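Below is one structure; the comments refer to it alone.
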There are 2 protein chains.
Amino acid sequence: MAEDDFTGLPGSIAIVGVGLMGGSLGLALRGLPNAPRIVGIGRSPERLQRAVDVGAVDSVSTDLDAVGDVDAVFLCTTIQHIVDNIGPVLKRASRRATVTDVGSTKGAIVRRAGGHPNFVGGHPMAGSERAGVDSAVAGLYRGATWALTPTSDTDPRHVARARAVAEAAGATVLILEPDVHDAIVAITSHVPHVVAAALMQEAGRVRGEHAEAGSMTAGSFADTTRIAASPPEIWRDVCLTNRDAVLKALGNVADRLRVLAEAVEAEDPAAVEAFFAAGRDAKADWPAR
Amino acid sequence: MAEDDFTGLPGSIAIVGVGLMGGSLGLALRGLPNAPRIVGIGRSPERLQRAVDVGAVDSVSTDLDAVGDVDAVFLCTTIQHIVDNIGPVLKRASRRATVTDVGSTKGAIVRRAGGHPNFVGGHPMAGSERAGVDSAVAGLYRGATWALTPTSDTDPRHVARARAVAEAAGATVLILEPDVHDAIVAITSHVPHVVAAALMQEAGRVRGEHAEAGSMTAGSFADTTRIAASPPEIWRDVCLTNRDAVLKALGNVADRLRVLAEAVEAEDPAAVEAFFAAGRDAKADWPAR
């Protein structure tokens, strides 16, 4: 590393996993005047070559040892892969390198980092139901919240450096405790994905009975089920690494659905209207983005 | 009425209830070269004047007797209002007038029409979480499916006339039995609205605990909860007039959520992944619109 400045953009970054998230990070940073040198690390030479072709990285490596040469390492693979590789990466990274990630759950990942002072968990609230570097866009993180989840063990200089990169990509940083992060995203992201999948499964069953159902949709169906197209293995990992918070949020949503079902069953107009009014009020009260 | 042609656009139409749906119908038809004369009927002189101002109707009336002068009557109010007024409208309408509606549920409305040969139930699959004639747009029905639900009692000439109007507004007509219609929209529209409200309620509760939740959202949350902003009284009427189908669809969705919860509880990766894969497959298999 050339210098000791942790508050500006680092001179070099390794992106482990150059898919939608990692590729978009590379594109965002390489478009800057002070762009860091970016090495993409992955297992598939073909996919790494695509990352070069779309301009997401300067160079590539299939060897995890390549993290040893950079100022900051961004783990942008699946959650399970991050959990499995966080130890090896911290071991191979330079003594002064920041190590962070973009995984959608933080408790399991942060625990696996074992209080290493160089590690700071991260989670940009951006994404898409699509996957792969060919879906990557430079503007993915623009205007998004990028959560960072340092612990009392984390060296604040590494928080500053992770923040500098997130902000350079156009995001706004929010510092959260890992468990608070996980409780929040369980309801703002994880359970919505579960619900979209359940709606889509049931709609598919009804369409098996009545083929006309395929034409009987409007914007509400398109919007509420868009994310059902997301990669199953990603949401498997999310649910399993955020088990308790997902179960709690899902149980609470199921309880609320039962309240509506009972009101409809009882043909109670005031109770049914109150249910929808409570949803509308919560929506109206939610901060505009 | 000037002539006996039921297959072309009628010469005159009454729109009862000039809000988002009725106003958009008026705008769509008045933009045509062979536009029918359109009278808007409602209770509020101020709202009727807005309908004139935005160009949705030619004339207005606060008297339901005005339906007696036209070739076709479109009931575009809330479902409960349609149910309450379908008898009086059929009594006041011309002997040769088509009477139809745009309500989101069909069984209760069609039953209330009591087998009148001039009545054909209708439901354009278009809308918005907004309400009122100021949200009306001429293109609302363009490309949408417009379900018509005639029964064996319905005079086919009135189906032809309702179809002519729907197609003139840019929609594609789909003929369905009322009960099949209701079973389909329970899952493609009604339960998604229930789920959006439940998600939003629970998100609001979590935000009360952790204010940062307000910043921790991405497109998935915005999309799955957009329709939580819809008018509660509309969705109250939908649930109460489609009670059995909504309860069945909601129960089935709840069962599916329980399947996921049990798989997460058991930390069963294959079962969790299979849940999301089933949703993704149903989505991929759904006809493009």
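Identifiers in this document derive from the order of the structure tokens: chains are assigned A, B, ..., residues are numbered from 1 separately in each chain, and ligands are numbered from 1 in order of occurrence.
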
| message | Please list as a PyMOL selection string every residue within 12 Å of range 12-15 of chain A, counting only C-alpha atoms and excluding residues in the same chain fewer than 6 positions away. | response | chain A and resi 1-3+21-27+29-30+34-42+48+51+56-77+89+93-94+97-102+161-162+165

Any chance you could export the current selection's C-alpha atoms as a JSON list (two decimals), in the first residue's frame?
```
[["chain", "number", "residue", "atom", "x", "y", "z"],
["A", 1, "MET", "CA", 0.00, 0.00, 0.00],
["A", 2, "ALA", "CA", 1.20, 3.40, -0.96],
["A", 3, "GLU", "CA", -0.02, 5.41, 2.00],
["A", 21, "MET", "CA", -23.19, -6.73, -6.84],
["A", 22, "GLY", "CA", -19.42, -6.97, -7.29],
["A", 23, "GLY", "CA", -19.60, -6.06, -10.97],
["A", 24, "SER", "CA", -21.73, -3.00, -10.26],
["A", 25, "LEU", "CA", -19.27, -1.90, -7.57],
["A", 26, "GLY", "CA", -16.40, -2.24, -10.02],
["A", 27, "LEU", "CA", -18.24, -0.27, -12.70],
["A", 29, "LEU", "CA", -15.56, 2.86, -8.96],
["A", 30, "ARG", "CA", -13.82, 2.56, -12.33],
["A", 34, "ASN", "CA", -9.48, 8.69, -8.80],
["A", 35, "ALA", "CA", -10.49, 5.11, -9.56],
["A", 36, "PRO", "CA", -8.67, 2.47, -7.55],
["A", 37, "ARG", "CA", -6.98, -0.41, -9.30],
["A", 38, "ILE", "CA", -9.47, -3.28, -9.16],
["A", 39, "VAL", "CA", -8.74, -6.99, -9.29],
["A", 40, "GLY", "CA", -11.64, -9.38, -9.71],
["A", 41, "ILE", "CA", -11.28, -12.73, -7.98],
["A", 42, "GLY", "CA", -13.42, -15.74, -8.78],
["A", 48, "LEU", "CA", -13.93, -13.33, -14.83],
["A", 51, "ALA", "CA", -16.10, -8.93, -15.91],
["A", 56, "ALA", "CA", -15.94, -3.96, -14.17],
["A", 57, "VAL", "CA", -12.34, -4.84, -13.25],
["A", 58, "ASP", "CA", -8.77, -4.05, -14.33],
["A", 59, "SER", "CA", -7.41, -7.54, -13.83],
["A", 60, "VAL", "CA", -8.54, -10.93, -12.63],
["A", 61, "SER", "CA", -7.32, -13.90, -10.63],
["A", 62, "THR", "CA", -8.64, -17.33, -9.75],
["A", 63, "ASP", "CA", -6.30, -17.41, -6.74],
["A", 64, "LEU", "CA", -7.58, -16.12, -3.41],
["A", 65, "ASP", "CA", -3.98, -15.17, -2.55],
["A", 66, "ALA", "CA", -4.52, -12.16, -4.81],
["A", 67, "VAL", "CA", -6.27, -10.47, -1.85],
["A", 68, "GLY", "CA", -2.80, -10.09, -0.30],
["A", 69, "ASP", "CA", -1.89, -7.21, -2.64],
["A", 70, "VAL", "CA", -4.70, -4.74, -2.03],
["A", 71, "ASP", "CA", -5.86, -2.06, 0.41],
["A", 72, "ALA", "CA", -9.42, -3.30, 0.64],
["A", 73, "VAL", "CA", -11.23, -6.57, -0.05],
["A", 74, "PHE", "CA", -14.94, -6.63, -0.90],
["A", 75, "LEU", "CA", -16.57, -10.04, -0.54],
["A", 76, "CYS", "CA", -19.41, -10.01, -3.06],
["A", 77, "THR", "CA", -20.32, -13.68, -3.35],
["A", 89, "VAL", "CA", -9.42, -14.02, 3.27],
["A", 93, "ALA", "CA", -5.08, -10.10, 3.33],
["A", 94, "SER", "CA", -2.44, -7.50, 4.10],
["A", 97, "ALA", "CA", -6.20, -4.09, 4.48],
["A", 98, "THR", "CA", -9.87, -3.45, 5.12],
["A", 99, "VAL", "CA", -12.03, -6.53, 4.65],
["A", 100, "THR", "CA", -15.76, -6.04, 4.13],
["A", 101, "ASP", "CA", -18.68, -7.70, 2.37],
["A", 102, "VAL", "CA", -22.04, -7.00, 0.75],
["A", 161, "ARG", "CA", -12.33, 3.22, 4.47],
["A", 162, "ALA", "CA", -15.39, 1.08, 3.81],
["A", 165, "VAL", "CA", -15.81, 3.32, -1.00]]
```

| said: Just list as number ranges by chain whatever in range 133-238 of chain A DSSP marks as helix (DSSP H, G or I). | reply: A: 133-135, 156-168, 178-209, 211-215, 219-229, 232-238

| message | When you count only C-alpha atoms, which of these residues is closest to Arg236 in chain A: A:Thr145, A:Ser104, A:Asn85, A:Thr172? | response | A:Ser104

| message | Quick check for you: according to DSSP on this backbone, which residues of range 86-288 of chain B are classed as strand (DSSP E)? Reply as an NGL selection string. | response | :B and (98-101 or 119-124 or 145-149 or 172-175)

Please, could you write that set of residues out with C-alpha atoms as a PDB file, in the first residue's frame?
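Result file follows (out27.pdb):
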```pdb
ATOM      1  CA  THR B  98     -76.597  -2.181 -21.855  1.00  0.00           C
ATOM      2  CA  VAL B  99     -75.790  -2.003 -18.143  1.00  0.00           C
ATOM      3  CA  THR B 100     -72.323  -3.042 -17.015  1.00  0.00           C
ATOM      4  CA  ASP B 101     -69.820  -2.247 -14.278  1.00  0.00           C
ATOM      5  CA  PHE B 119     -76.697  -6.675 -17.461  1.00  0.00           C
ATOM      6  CA  VAL B 120     -73.207  -7.952 -18.097  1.00  0.00           C
ATOM      7  CA  GLY B 121     -70.633  -7.850 -15.328  1.00  0.00           C
ATOM      8  CA  GLY B 122     -67.262  -6.349 -16.183  1.00  0.00           C
ATOM      9  CA  HIS B 123     -63.826  -5.935 -14.617  1.00  0.00           C
ATOM     10  CA  PRO B 124     -60.952  -4.198 -16.350  1.00  0.00           C
ATOM     11  CA  THR B 145     -57.458  -7.474 -19.902  1.00  0.00           C
ATOM     12  CA  TRP B 146     -61.130  -6.512 -19.458  1.00  0.00           C
ATOM     13  CA  ALA B 147     -63.093  -9.441 -18.081  1.00  0.00           C
ATOM     14  CA  LEU B 148     -66.802  -9.722 -18.954  1.00  0.00           C
ATOM     15  CA  THR B 149     -68.892 -12.197 -16.974  1.00  0.00           C
ATOM     16  CA  THR B 172     -58.605  -7.029 -24.584  1.00  0.00           C
ATOM     17  CA  VAL B 173     -61.830  -8.739 -23.556  1.00  0.00           C
ATOM     18  CA  LEU B 174     -61.844 -12.079 -21.741  1.00  0.00           C
ATOM     19  CA  ILE B 175     -65.145 -13.865 -21.071  1.00  0.00           C
TER      20      ILE B 175
END
```

Give one line per residue of chain A that approaches chain B to at most 6 Å, naming the two atoms of the closest pair and their distance in Å to one decimal, counting only C-alpha atoms; sort by chain then ascending residue number and deliver it as a Markdown table.
```
| residue | atom | partner | partner_atom | distance |
| --- | --- | --- | --- | --- |
| A:Met125 | CA | B:Ala218 | CA | 5.4 |
| A:Ala126 | CA | B:Ala218 | CA | 5.6 |
| A:Ile184 | CA | B:Ala213 | CA | 5.7 |
| A:Ile187 | CA | B:Ala203 | CA | 5.9 |
| A:Thr188 | CA | B:Phe221 | CA | 5.7 |
| A:Ala197 | CA | B:Gly279 | CA | 4.2 |
| A:Ala198 | CA | B:Arg256 | CA | 5.8 |
| A:Met200 | CA | B:Gly279 | CA | 5.3 |
| A:Gln201 | CA | B:Gly279 | CA | 5.0 |
| A:Ala203 | CA | B:Ile187 | CA | 5.9 |
| A:Gly204 | CA | B:Ala282 | CA | 5.4 |
| A:Ala213 | CA | B:Ile184 | CA | 5.7 |
| A:Gly214 | CA | B:Pro287 | CA | 5.8 |
| A:Thr217 | CA | B:Thr188 | CA | 5.8 |
| A:Ala218 | CA | B:Met125 | CA | 5.4 |
| A:Phe221 | CA | B:Thr188 | CA | 5.7 |
| A:Asp223 | CA | B:Asp223 | CA | 5.0 |
| A:Thr224 | CA | B:Thr224 | CA | 4.2 |
| A:Ala228 | CA | B:Arg280 | CA | 5.2 |
| A:Ala229 | CA | B:Arg280 | CA | 4.6 |
| A:Pro232 | CA | B:Phe276 | CA | 4.8 |
| A:Glu233 | CA | B:Glu273 | CA | 5.8 |
| A:Arg236 | CA | B:Glu273 | CA | 5.0 |
| A:Val253 | CA | B:Ala198 | CA | 5.8 |
| A:Arg256 | CA | B:Ala198 | CA | 5.8 |
| A:Val272 | CA | B:Arg236 | CA | 5.4 |
| A:Glu273 | CA | B:Arg236 | CA | 5.0 |
| A:Phe276 | CA | B:Pro232 | CA | 4.8 |
| A:Ala277 | CA | B:Pro232 | CA | 5.2 |
| A:Gly279 | CA | B:Ala197 | CA | 4.2 |
| A:Arg280 | CA | B:Ala229 | CA | 4.5 |
| A:Ala282 | CA | B:Gly204 | CA | 5.4 |
| A:Pro287 | CA | B:Gly214 | CA | 5.8 |
```

| message | Just the number, please: distance in Å from CA of Arg96 in chain A to CA of Gly55 in chain A, one decimal. | response |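 Rounded to one decimal, the two atoms are 27.3 Å apart.
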
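Atom pair CA of Val110 in chain A / CA of Phe6 in chain A: separated by 21.1 Å.
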
| request: Rank A:Ala160, A:Val238, A:Ala245, A:Ala169 by their smallest atom-to-atom distance to Leu140 in chain A, using only C-alpha atoms, and report the top residue only. | output: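 Closest residue, counting only C-alpha atoms: A:Ala169.
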
| request: Go ahead and compute the interatomic distance for CA of Asp134 in chain B and CA of Gly19 in chain B, in Å to one decimal. | output: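 We find that CA of Asp134 in chain B and CA of Gly19 in chain B lie 7.8 Å from each other.
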